[in-house]
Amino acid sequence: MNGRPSIHDRLTRLGLTLAKRGWRRYRSGHARFYEEFFTEKHVHQELYDLRHRLRREAVVAALQDVLCRPEPALILDVGCGVGGTALAVARQSRVIGLVYSEADLRLANSMQTTTVRFVRGRAEELPLTNESVDVAICLEVLEHLPDDRAALTELHRVLRAGGRLIVSVPSNFYFREYRELIGHHRHYDREQLSELLAATGFRILSYIDNQPRLQMLHYYPYIILEAVHQLLNRYGARKPSMYQRPLTRLPYQCVCGMLTRMTAKRSQAVLASDVRSTFVLAESVL
């Protein structure tokens, strides 16, 4: 990324540093982190956080032609977390949700669904046969893997010819500390992602708006309300997440409504020229 870091970039780094203070105990291995860190709070975040909801809606919109086919498509959601996106596309398709940890598997199954089959596995060694999948979804996963190319090669293997891939990765940040703070091996810009996809047998069909302006504006009220929630938890009024507490949930809902009304849809021409465009719909071509 060019230019100098803004005040927002510096505040984001400070917020992450404070939020991740407890992560030091996980430095012995990421496997322990994924088994211990995620809790019921993350189920609530998946269901109610504006960013997660808009991402689900964007995925469903990008796959409308596939979801409307007479024969239900088989969709693989790699690194599906607690399963929010998998559930959203399962209304019209058969879905396999691949999770990394036993904790994620337990949380995903707590959603009480019979429409998604959740299984444990690794993106670099998918437990599926060649050309067996119509669509693969891989959201905010590649940056966590030591070998992102191996994972995309596996996705290409299991996708049928002409199969669709929706992938999102974080765009480049100014500060290298972000990688340790968030647990990432790397970040990407539009060209880096495009080159990686081309090298593993994919062609970008269109860009999906990751709404950087909304992400920035959302950050400040979210941090304030989360801080209020944490203070109330500390002094005895415990709730699993701020989304379950009326004092923080109602203001959050008001903020989300305002942000949604303020956010304009960007054209493909604008997205294709934005170096932060790292949320794409691609097609298997080789």
# chains A, B, ... in the order shown; residues from 1 in each chain; ligands from 1

call {"tool": "residues_around", "arguments": {"residues": "Glu40 (chain A)", "least_positions_apart": "2", "cutoff": "9 Å", "atoms": "only C-alpha atoms", "output": "PyMOL selection string"}}
result
chain A and resi 38+42-45+107+240-241

call {"tool": "select_by_dssp", "arguments": {"residues": "region 70-242 of chain A", "states": "helix (DSSP H, G or I)", "output": "PyMOL selection string"}}
result
chain A and resi 84-89+102-109+142-144+148-158+177-182+190-199+212-234+242

call {"tool": "write_last_selection", "arguments": {"atoms": "C-alpha atoms", "output": "PDB file, in the first residue's frame"}}
result
ATOM      1  CA  GLY A  84     -22.998 -18.603   9.077  1.00  0.00           C
ATOM      2  CA  THR A  85     -22.214 -18.386   5.352  1.00  0.00           C
ATOM      3  CA  ALA A  86     -22.646 -22.140   4.891  1.00  0.00           C
ATOM      4  CA  LEU A  87     -26.133 -21.894   6.374  1.00  0.00           C
ATOM      5  CA  ALA A  88     -27.011 -18.910   4.170  1.00  0.00           C
ATOM      6  CA  VAL A  89     -26.260 -20.748   0.918  1.00  0.00           C
ATOM      7  CA  GLU A 102     -13.026 -29.506  17.274  1.00  0.00           C
ATOM      8  CA  ALA A 103     -14.181 -26.280  18.944  1.00  0.00           C
ATOM      9  CA  ASP A 104     -15.421 -24.861  15.628  1.00  0.00           C
ATOM     10  CA  LEU A 105     -17.142 -28.149  14.827  1.00  0.00           C
ATOM     11  CA  ARG A 106     -18.974 -28.046  18.154  1.00  0.00           C
ATOM     12  CA  LEU A 107     -20.008 -24.394  17.691  1.00  0.00           C
ATOM     13  CA  ALA A 108     -21.141 -24.948  14.103  1.00  0.00           C
ATOM     14  CA  ASN A 109     -23.263 -27.914  15.108  1.00  0.00           C
ATOM     15  CA  LEU A 142      -5.667 -18.197   2.899  1.00  0.00           C
ATOM     16  CA  GLU A 143      -3.819 -15.600   4.964  1.00  0.00           C
ATOM     17  CA  HIS A 144      -3.798 -18.008   7.933  1.00  0.00           C
ATOM     18  CA  ASP A 148      -1.849 -20.554   0.336  1.00  0.00           C
ATOM     19  CA  ARG A 149      -0.937 -21.917  -3.120  1.00  0.00           C
ATOM     20  CA  ALA A 150      -1.353 -25.509  -1.912  1.00  0.00           C
ATOM     21  CA  ALA A 151      -4.836 -24.716  -0.629  1.00  0.00           C
ATOM     22  CA  LEU A 152      -5.909 -23.111  -3.922  1.00  0.00           C
ATOM     23  CA  THR A 153      -4.466 -26.061  -5.853  1.00  0.00           C
ATOM     24  CA  GLU A 154      -6.619 -28.370  -3.723  1.00  0.00           C
ATOM     25  CA  LEU A 155      -9.684 -26.223  -4.349  1.00  0.00           C
ATOM     26  CA  HIS A 156      -9.005 -26.376  -8.064  1.00  0.00           C
ATOM     27  CA  ARG A 157      -8.722 -30.174  -7.843  1.00  0.00           C
ATOM     28  CA  VAL A 158     -12.128 -30.681  -6.224  1.00  0.00           C
ATOM     29  CA  GLU A 177       2.741  -6.083  13.464  1.00  0.00           C
ATOM     30  CA  TYR A 178      -0.764  -6.755  12.124  1.00  0.00           C
ATOM     31  CA  ARG A 179       0.397 -10.181  11.004  1.00  0.00           C
ATOM     32  CA  GLU A 180       1.247 -11.296  14.520  1.00  0.00           C
ATOM     33  CA  LEU A 181      -1.694  -9.472  16.073  1.00  0.00           C
ATOM     34  CA  ILE A 182      -4.237 -11.131  13.786  1.00  0.00           C
ATOM     35  CA  ARG A 190      -5.580  -6.893  -5.962  1.00  0.00           C
ATOM     36  CA  GLU A 191      -2.689  -7.794  -8.259  1.00  0.00           C
ATOM     37  CA  GLN A 192      -1.130 -10.303  -5.867  1.00  0.00           C
ATOM     38  CA  LEU A 193      -4.431 -12.121  -5.454  1.00  0.00           C
ATOM     39  CA  SER A 194      -5.068 -12.091  -9.204  1.00  0.00           C
ATOM     40  CA  GLU A 195      -1.634 -13.551  -9.936  1.00  0.00           C
ATOM     41  CA  LEU A 196      -2.044 -16.254  -7.279  1.00  0.00           C
ATOM     42  CA  LEU A 197      -5.430 -17.285  -8.645  1.00  0.00           C
ATOM     43  CA  ALA A 198      -4.139 -17.388 -12.222  1.00  0.00           C
ATOM     44  CA  ALA A 199      -1.166 -19.527 -11.164  1.00  0.00           C
ATOM     45  CA  PRO A 212     -13.721  -0.419   3.116  1.00  0.00           C
ATOM     46  CA  ARG A 213     -15.508   2.824   4.016  1.00  0.00           C
ATOM     47  CA  LEU A 214     -18.191   0.979   5.952  1.00  0.00           C
ATOM     48  CA  GLN A 215     -15.526  -1.150   7.642  1.00  0.00           C
ATOM     49  CA  MET A 216     -13.758   2.009   8.804  1.00  0.00           C
ATOM     50  CA  LEU A 217     -16.898   3.773  10.035  1.00  0.00           C
ATOM     51  CA  HIS A 218     -18.134   0.627  11.764  1.00  0.00           C
ATOM     52  CA  TYR A 219     -14.907   0.252  13.746  1.00  0.00           C
ATOM     53  CA  TYR A 220     -15.395   3.140  16.184  1.00  0.00           C
ATOM     54  CA  PRO A 221     -18.951   2.518  17.486  1.00  0.00           C
ATOM     55  CA  TYR A 222     -18.190  -1.201  17.586  1.00  0.00           C
ATOM     56  CA  ILE A 223     -15.091  -0.674  19.752  1.00  0.00           C
ATOM     57  CA  ILE A 224     -16.935   1.699  22.102  1.00  0.00           C
ATOM     58  CA  LEU A 225     -19.899  -0.655  22.568  1.00  0.00           C
ATOM     59  CA  GLU A 226     -17.612  -3.664  23.014  1.00  0.00           C
ATOM     60  CA  ALA A 227     -15.703  -1.741  25.709  1.00  0.00           C
ATOM     61  CA  VAL A 228     -18.985  -0.956  27.500  1.00  0.00           C
ATOM     62  CA  HIS A 229     -19.915  -4.637  27.294  1.00  0.00           C
ATOM     63  CA  GLN A 230     -16.574  -5.724  28.746  1.00  0.00           C
ATOM     64  CA  LEU A 231     -16.886  -3.233  31.631  1.00  0.00           C
ATOM     65  CA  LEU A 232     -20.363  -4.502  32.488  1.00  0.00           C
ATOM     66  CA  ASN A 233     -19.083  -8.069  32.403  1.00  0.00           C
ATOM     67  CA  ARG A 234     -16.249  -7.150  34.740  1.00  0.00           C
ATOM     68  CA  MET A 242     -22.622  -7.320  23.313  1.00  0.00           C
TER      69      MET A 242
END

call {"tool": "residues_around", "arguments": {"residues": "Gly79 (chain A)", "least_positions_apart": "5", "cutoff": "9 Å", "atoms": "only C-alpha atoms", "output": "ChimeraX atom specification"}}
result
/A:97-100,121-123,137-141

call {"tool": "write_last_selection", "arguments": {"atoms": "C-alpha atoms", "output": "tab-separated table (two decimals), in the first residue's frame"}}
result
chain	number	residue	atom	x	y	z
A	97	GLY	CA	-18.68	-26.91	5.85
A	98	LEU	CA	-15.00	-27.63	6.49
A	99	VAL	CA	-13.77	-26.61	9.94
A	100	TYR	CA	-10.26	-26.76	11.34
A	121	GLY	CA	-10.24	-31.09	7.73
A	122	ARG	CA	-7.43	-28.99	6.29
A	123	ALA	CA	-7.62	-26.72	3.27
A	137	ILE	CA	-16.14	-20.60	-0.69
A	138	CYS	CA	-12.93	-19.56	1.07
A	139	LEU	CA	-13.38	-16.42	3.16
A	140	GLU	CA	-10.51	-14.99	5.21
A	141	VAL	CA	-8.67	-18.33	5.27

call {"tool": "closest_residue", "arguments": {"among": "A:Glu57, A:Asp147, A:Asp49, A:Asp134", "to": "Leu74 (chain A)", "atoms": "only C-alpha atoms"}}
result
A:Asp134

call {"tool": "closest_residue", "arguments": {"among": "A:Met258, A:Met111, A:Ala73, A:Val169", "to": "Ser132 (chain A)", "atoms": "only C-alpha atoms"}}
result
A:Ala73

call {"tool": "closest_residue", "arguments": {"among": "A:Leu281, A:Cys80, A:Ile7, A:Leu271", "to": "Val60 (chain A)", "atoms": "only C-alpha atoms"}}
result
A:Leu281

call {"tool": "closest_residue", "arguments": {"among": "A:Leu145, A:Leu126, A:Val95, A:Leu259", "to": "Pro72 (chain A)", "atoms": "only C-alpha atoms"}}
result
A:Val95

call {"tool": "closest_residue", "arguments": {"among": "A:Gly183, A:Pro127, A:Gly201, A:Pro251", "to": "Ala161 (chain A)", "atoms": "only C-alpha atoms"}}
result
A:Gly201

call {"tool": "closest_residue", "arguments": {"among": "A:Gln253, A:Thr17, A:Thr248, A:Ser206", "to": "Val280 (chain A)", "atoms": "only C-alpha atoms"}}
result
A:Ser206

call {"tool": "atom_distance", "arguments": {"atom1": "CA of Phe175 (chain A)", "atom2": "CA of Val78 (chain A)"}}
result
27.6 Å

call {"tool": "atom_distance", "arguments": {"atom1": "CA of Leu18 (chain A)", "atom2": "CA of Gln244 (chain A)"}}
result
22.9 Å

call {"tool": "select_by_dssp", "arguments": {"residues": "region 43-220 of chain A", "states": "strand (DSSP E)", "output": "ChimeraX atom specification"}}
result
/A:74-78,94-99,116-120,133-139,159-168,202-207

call {"tool": "write_last_selection", "arguments": {"atoms": "C-alpha atoms", "output": "compact mmCIF listing (two decimals), in the first residue's frame"}}
result
# COMPACT_ATOMS: atom_id res chain seq x y z
CA LEU A 74 -22.77 -28.97 -4.05
CA ILE A 75 -21.00 -26.14 -2.22
CA LEU A 76 -17.87 -26.47 -0.11
CA ASP A 77 -17.24 -23.75 2.48
CA VAL A 78 -13.58 -24.04 3.52
CA ARG A 94 -26.18 -29.03 -0.57
CA VAL A 95 -23.33 -27.72 1.57
CA ILE A 96 -20.27 -29.15 3.25
CA GLY A 97 -18.68 -26.91 5.85
CA LEU A 98 -15.00 -27.63 6.49
CA VAL A 99 -13.77 -26.61 9.94
CA VAL A 116 -25.11 -28.41 6.29
CA ARG A 117 -22.72 -31.28 6.94
CA PHE A 118 -19.83 -29.98 9.02
CA VAL A 119 -16.58 -31.94 8.91
CA ARG A 120 -13.05 -31.40 10.20
CA VAL A 133 -17.84 -29.69 -6.14
CA ASP A 134 -19.78 -26.97 -8.01
CA VAL A 135 -18.80 -24.03 -5.80
CA ALA A 136 -16.08 -23.43 -3.23
CA ILE A 137 -16.14 -20.60 -0.69
CA CYS A 138 -12.93 -19.56 1.07
CA LEU A 139 -13.38 -16.42 3.16
CA LEU A 159 -13.98 -28.12 -8.38
CA ARG A 160 -15.63 -29.21 -11.60
CA ALA A 161 -14.55 -27.50 -14.83
CA GLY A 162 -16.17 -24.08 -14.82
CA GLY A 163 -16.82 -24.34 -11.10
CA ARG A 164 -17.02 -21.15 -9.08
CA LEU A 165 -14.74 -19.98 -6.31
CA ILE A 166 -15.52 -17.11 -3.96
CA VAL A 167 -12.45 -16.02 -2.07
CA SER A 168 -11.68 -13.11 0.21
CA PHE A 202 -8.58 -19.67 -11.76
CA ARG A 203 -9.86 -16.66 -13.67
CA ILE A 204 -11.51 -13.72 -11.90
CA LEU A 205 -15.06 -13.16 -13.15
CA SER A 206 -16.01 -10.20 -10.97
CA TYR A 207 -15.11 -8.28 -7.85
